[in-house]
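Colleague: Compact mmCIF, C-alpha atoms, file upload-v2.txt:
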# COMPACT_ATOMS: atom_id res chain seq x y z
CA MET A 1 -52.30 50.01 -18.17
CA THR A 2 -50.09 52.04 -20.45
CA TRP A 3 -46.80 53.52 -19.45
CA THR A 4 -46.61 57.25 -19.51
CA ALA A 5 -43.46 59.34 -19.47
CA PRO A 6 -43.85 60.34 -15.78
CA MET A 7 -44.32 56.67 -14.79
CA ALA A 8 -41.22 55.63 -16.71
CA GLN A 9 -39.22 58.44 -15.12
CA ALA A 10 -40.38 57.37 -11.66
CA ALA A 11 -39.48 53.71 -12.29
CA MET A 12 -36.04 54.45 -13.78
CA PRO A 13 -34.21 55.10 -10.47
CA LEU A 14 -35.58 51.82 -9.10
CA LEU A 15 -34.38 49.89 -12.15
CA VAL A 16 -30.96 51.51 -12.02
CA ALA A 17 -30.68 50.88 -8.28
CA SER A 18 -31.62 47.23 -8.67
CA ALA A 19 -29.05 46.77 -11.46
CA VAL A 20 -26.26 48.32 -9.38
CA THR A 21 -27.11 46.83 -6.00
CA PRO A 22 -25.10 43.63 -5.39
CA ALA A 23 -26.84 40.44 -4.39
CA PRO A 24 -27.16 40.00 -0.64
CA ILE A 25 -24.04 38.41 0.84
CA VAL A 26 -24.47 35.41 3.10
CA PRO A 27 -23.36 36.32 6.64
CA GLU A 28 -20.12 34.77 7.93
CA SER A 29 -21.93 32.85 10.64
CA ALA A 30 -24.01 31.04 8.03
CA GLN A 31 -20.88 30.37 5.94
CA GLN A 32 -19.18 28.85 8.97
CA ALA A 33 -22.24 26.84 10.00
CA VAL A 34 -22.29 25.20 6.57
CA GLY A 35 -18.58 25.39 5.71
CA TYR A 36 -16.96 23.55 8.62
CA PRO A 37 -19.25 20.48 8.54
CA THR A 38 -18.95 20.34 4.75
CA LEU A 39 -15.16 20.56 4.96
CA PHE A 40 -15.15 17.84 7.63
CA LEU A 41 -17.29 15.48 5.55
CA LEU A 42 -15.35 16.07 2.33
CA VAL A 43 -11.96 15.52 3.98
CA LEU A 44 -13.27 12.43 5.81
CA VAL A 45 -14.61 10.95 2.57
CA GLY A 46 -11.40 12.02 0.82
CA ALA A 47 -9.38 9.97 3.31
CA LEU A 48 -11.54 6.94 2.55
CA VAL A 49 -11.69 7.53 -1.22
CA PRO A 50 -8.29 8.84 -2.29
CA VAL A 51 -9.49 10.38 -5.57
CA ILE A 52 -11.06 13.41 -3.84
CA PRO A 53 -8.58 16.33 -3.92
CA THR A 54 -8.55 17.10 -0.20
CA GLY A 55 -5.46 19.29 -0.50
CA ALA A 56 -7.28 21.66 -2.82
CA LEU A 57 -10.36 21.62 -0.56
CA VAL A 58 -8.38 22.50 2.55
CA SER A 59 -6.35 25.15 0.71
CA SER A 60 -9.52 26.77 -0.60
CA ALA A 61 -11.12 26.70 2.84
CA ALA A 62 -7.98 28.27 4.31
CA VAL A 63 -8.09 31.10 1.77
CA VAL A 64 -11.73 31.77 2.58
CA ALA A 65 -11.01 31.62 6.32
CA PHE A 66 -8.08 34.01 5.95
CA HIS A 67 -10.44 36.66 4.61
CA GLN A 68 -13.03 36.19 7.37
CA THR A 69 -13.35 38.65 10.22
CA ALA A 70 -13.76 35.92 12.85
CA PRO A 71 -10.49 35.66 14.80
CA PHE A 72 -10.03 31.88 14.76
CA SER A 73 -11.36 30.92 11.33
CA LEU A 74 -8.02 29.68 10.02
CA ALA A 75 -7.39 27.65 13.18
CA MET A 76 -10.84 26.11 12.87
CA VAL A 77 -10.12 25.06 9.27
CA PHE A 78 -6.87 23.46 10.44
CA LEU A 79 -8.54 21.64 13.34
CA THR A 80 -11.53 20.52 11.28
CA ALA A 81 -9.41 19.20 8.41
CA SER A 82 -6.91 17.53 10.75
CA LEU A 83 -9.58 15.75 12.76
CA ALA A 84 -11.38 14.59 9.61
CA ALA A 85 -8.14 13.32 8.03
CA PHE A 86 -7.18 11.48 11.23
CA LEU A 87 -10.59 9.85 11.59
CA GLY A 88 -10.68 8.93 7.90
CA ASP A 89 -7.23 7.33 8.03
CA ALA A 90 -8.09 5.45 11.23
CA ALA A 91 -11.34 4.20 9.69
CA LEU A 92 -9.58 3.10 6.50
CA TYR A 93 -6.88 1.29 8.47
CA TRP A 94 -9.50 -0.37 10.68
CA LEU A 95 -11.40 -1.50 7.58
CA GLY A 96 -8.15 -2.84 6.13
CA ARG A 97 -7.34 -4.80 9.28
CA ARG A 98 -10.86 -6.15 9.43
CA GLY A 99 -10.80 -7.09 5.76
CA LEU A 100 -7.45 -8.86 6.03
CA ARG A 101 -8.82 -11.08 8.80
CA SER A 102 -11.68 -12.17 6.56
CA ARG A 103 -11.41 -15.26 4.38
CA ASN A 104 -11.10 -13.37 1.08
CA GLY A 105 -8.94 -10.67 2.61
CA SER A 106 -6.34 -13.15 3.82
CA ARG A 107 -6.22 -14.70 0.34
CA TRP A 108 -5.71 -11.24 -1.15
CA LEU A 109 -2.88 -10.57 1.30
CA GLU A 110 -1.19 -13.86 0.46
CA ARG A 111 -1.40 -13.07 -3.28
CA LEU A 112 0.10 -9.66 -2.60
CA ARG A 113 2.92 -11.15 -0.55
CA ALA A 114 3.56 -13.78 -3.25
CA ARG A 115 3.91 -11.07 -5.93
CA ALA A 116 6.40 -9.03 -3.94
CA PRO A 117 10.01 -10.24 -4.05
CA GLU A 118 10.90 -11.63 -0.63
CA ASP A 119 14.03 -9.50 -0.22
CA ARG A 120 12.13 -6.29 -1.08
CA LEU A 121 9.34 -7.16 1.33
CA GLU A 122 11.85 -7.88 4.08
CA GLN A 123 13.73 -4.65 3.33
CA ALA A 124 10.48 -2.63 3.44
CA GLN A 125 9.49 -4.20 6.75
CA GLU A 126 12.96 -3.47 8.22
CA LYS A 127 12.73 0.18 7.12
CA LEU A 128 9.23 0.43 8.53
CA ALA A 129 10.36 -1.11 11.81
CA ALA A 130 13.38 1.21 12.04
CA HIS A 131 11.71 4.44 10.90
CA GLY A 132 8.03 3.52 11.24
CA VAL A 133 6.45 6.72 12.47
CA ALA A 134 8.74 8.93 10.37
CA VAL A 135 7.82 6.98 7.23
CA LEU A 136 4.15 7.34 8.12
CA VAL A 137 4.53 11.11 8.63
CA LEU A 138 6.49 11.60 5.40
CA SER A 139 3.97 9.54 3.43
CA ARG A 140 1.47 12.34 4.05
CA LEU A 141 3.71 14.78 2.18
CA VAL A 142 4.12 12.65 -0.95
CA PRO A 143 1.22 12.64 -3.40
CA ALA A 144 -0.42 9.20 -3.34
CA GLY A 145 2.06 8.06 -0.68
CA ARG A 146 -0.49 7.47 2.02
CA ILE A 147 -2.06 4.28 0.66
CA PRO A 148 1.17 2.29 -0.04
CA VAL A 149 2.53 3.09 3.40
CA MET A 150 -0.81 2.15 4.95
CA LEU A 151 -0.65 -1.14 3.06
CA ALA A 152 2.91 -1.70 4.33
CA CYS A 153 1.67 -1.09 7.88
CA LEU A 154 -1.09 -3.65 7.28
CA LEU A 155 1.47 -6.17 6.00
CA ALA A 156 3.65 -5.50 9.05
CA GLU A 157 0.54 -6.08 11.20
CA TRP A 158 0.80 -2.83 13.11
CA PRO A 159 -1.92 -2.45 15.73
CA LEU A 160 -4.43 0.34 15.18
CA ARG A 161 -3.05 2.23 18.19
CA ARG A 162 0.46 2.44 16.73
CA PHE A 163 -0.85 3.43 13.32
CA SER A 164 -3.07 6.11 14.87
CA ARG A 165 -0.22 7.49 16.94
CA GLY A 166 1.88 7.79 13.77
CA THR A 167 -1.01 9.32 11.83
CA CYS A 168 -1.60 12.12 14.32
CA ARG A 169 2.14 12.74 14.84
CA PRO A 170 2.31 15.66 12.35
CA VAL A 171 -0.42 17.39 14.33
CA TRP A 172 0.46 16.36 17.87
CA PRO A 173 4.24 16.45 18.48
CA GLY A 174 4.13 14.49 21.75
CA PRO A 175 6.17 11.34 22.48
Let me see the structure of the file written as structure tokens.
Modeller:
Amino acid sequence: MTWTAPMAQAAMPLLVASAVTPAPIVPESAQQAVGYPTLFLLVLVGALVPVIPTGALVSSAAVVAFHQTAPFSLAMVFLTASLAAFLGDAALYWLGRRGLRSRNGSRWLERLRARAPEDRLEQAQEKLAAHGVAVLVLSRLVPAGRIPVMLACLLAEWPLRRFSRGTCRPVWPGP
């Protein structure tokens, strides 16, 4: 089949229209159905593996949610990220407590205690005892501050309940 001038003229508006027409946009409901679980999983894994930039993930999700038409998108990002961070921290602390009770974990803890100067370790434990929950809350604001404070809580043998109460304190301002 050869192209004739009338055929080319008839096809031209279709070609121009297809070049100008934007790609179909994914509806917001589909974005939310995929976005919130993905955000939850990435923040949860980011709490367990501290090299994942969860701050950038949550900030990006908040920007996207801000431009959504759904009324509670930003609140959902906040709730999803907060719950994932809390569960990830609780799981990491639980794993740490479980690991320290193991044979190799207790050896690792003793080596760590032996390396730390006794007066510094005692001073850190006094500060943690005096300002425990506040130190835990502030450690969330310092880059890479979460893991050393979690380790100090493990050395001070805080129960999981106390650690969890301090972890959710920035979100839940109760007593």
Colleague: Counting all atoms listed in the file, figure out which residue out of A:Phe72, A:Leu92, A:Asp119, A:Arg98 gets nearest to Val49 in chain A.
Modeller: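 So, comparing all the options, the nearest one is A:Leu92.
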Colleague: Kindly provide, as a ChimeraX atom specification, the polymer residues lying within 12 Å of (-6.4, 28.1, 12.4), counting all atoms listed in the file and using the coordinates exactly as they appear in the file.
Modeller: /A:58,61-66,68,70-82
Colleague: Rounded to one decimal, what separation in Å do you get between CA of Arg140 in chain A and CA of Gly96 in chain A?
Modeller: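 Separating CA of Arg140 in chain A from CA of Gly96 in chain A is a distance of 18.1 Å.
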Colleague: Give me, as a ChimeraX atom specification, all polymer residues having an atom no more than 9 Å from Ser139 in chain A, counting all atoms listed in the file and skipping those fewer than 5 positions away in the same chain.
Modeller: /A:134,144-150
Colleague: Go ahead and compute the interatomic distance for CA of Gln125 in chain A and CA of Ala156 in chain A, in Å to one decimal.
Modeller: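 The value is 6.4 Å.
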Colleague: Of the candidates A:Ala124, A:Thr54, A:Ser59, A:Cys153, which shows the shortest atom-to-atom distance to Thr167 in chain A, using only C-alpha atoms?
Modeller: A:Cys153
Colleague: Out of A:Glu110, A:Asp89, A:Glu126, A:Glu118, which residue has the shortest atom-to-atom distance to Gly166 in chain A when counting only C-alpha atoms?
Modeller: A:Asp89
Colleague: Write out as a CSV table (one decimal) with C-alpha atoms, keeping the file's coordinate frame each polymer residue whose atoms come within 12 Å of Val51 in chain A, counting all atoms listed in the file; drop sequence neighbours fewer than 4 positions from it.
Modeller:
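The result, written out as result.csv:
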chain,number,residue,atom,x,y,z
A,42,LEU,CA,-15.4,16.1,2.3
A,43,VAL,CA,-12.0,15.5,4.0
A,45,VAL,CA,-14.6,11.0,2.6
A,46,GLY,CA,-11.4,12.0,0.8
A,47,ALA,CA,-9.4,10.0,3.3
A,55,GLY,CA,-5.5,19.3,-0.5
A,56,ALA,CA,-7.3,21.7,-2.8
A,143,PRO,CA,1.2,12.6,-3.4
A,144,ALA,CA,-0.4,9.2,-3.3
A,147,ILE,CA,-2.1,4.3,0.7
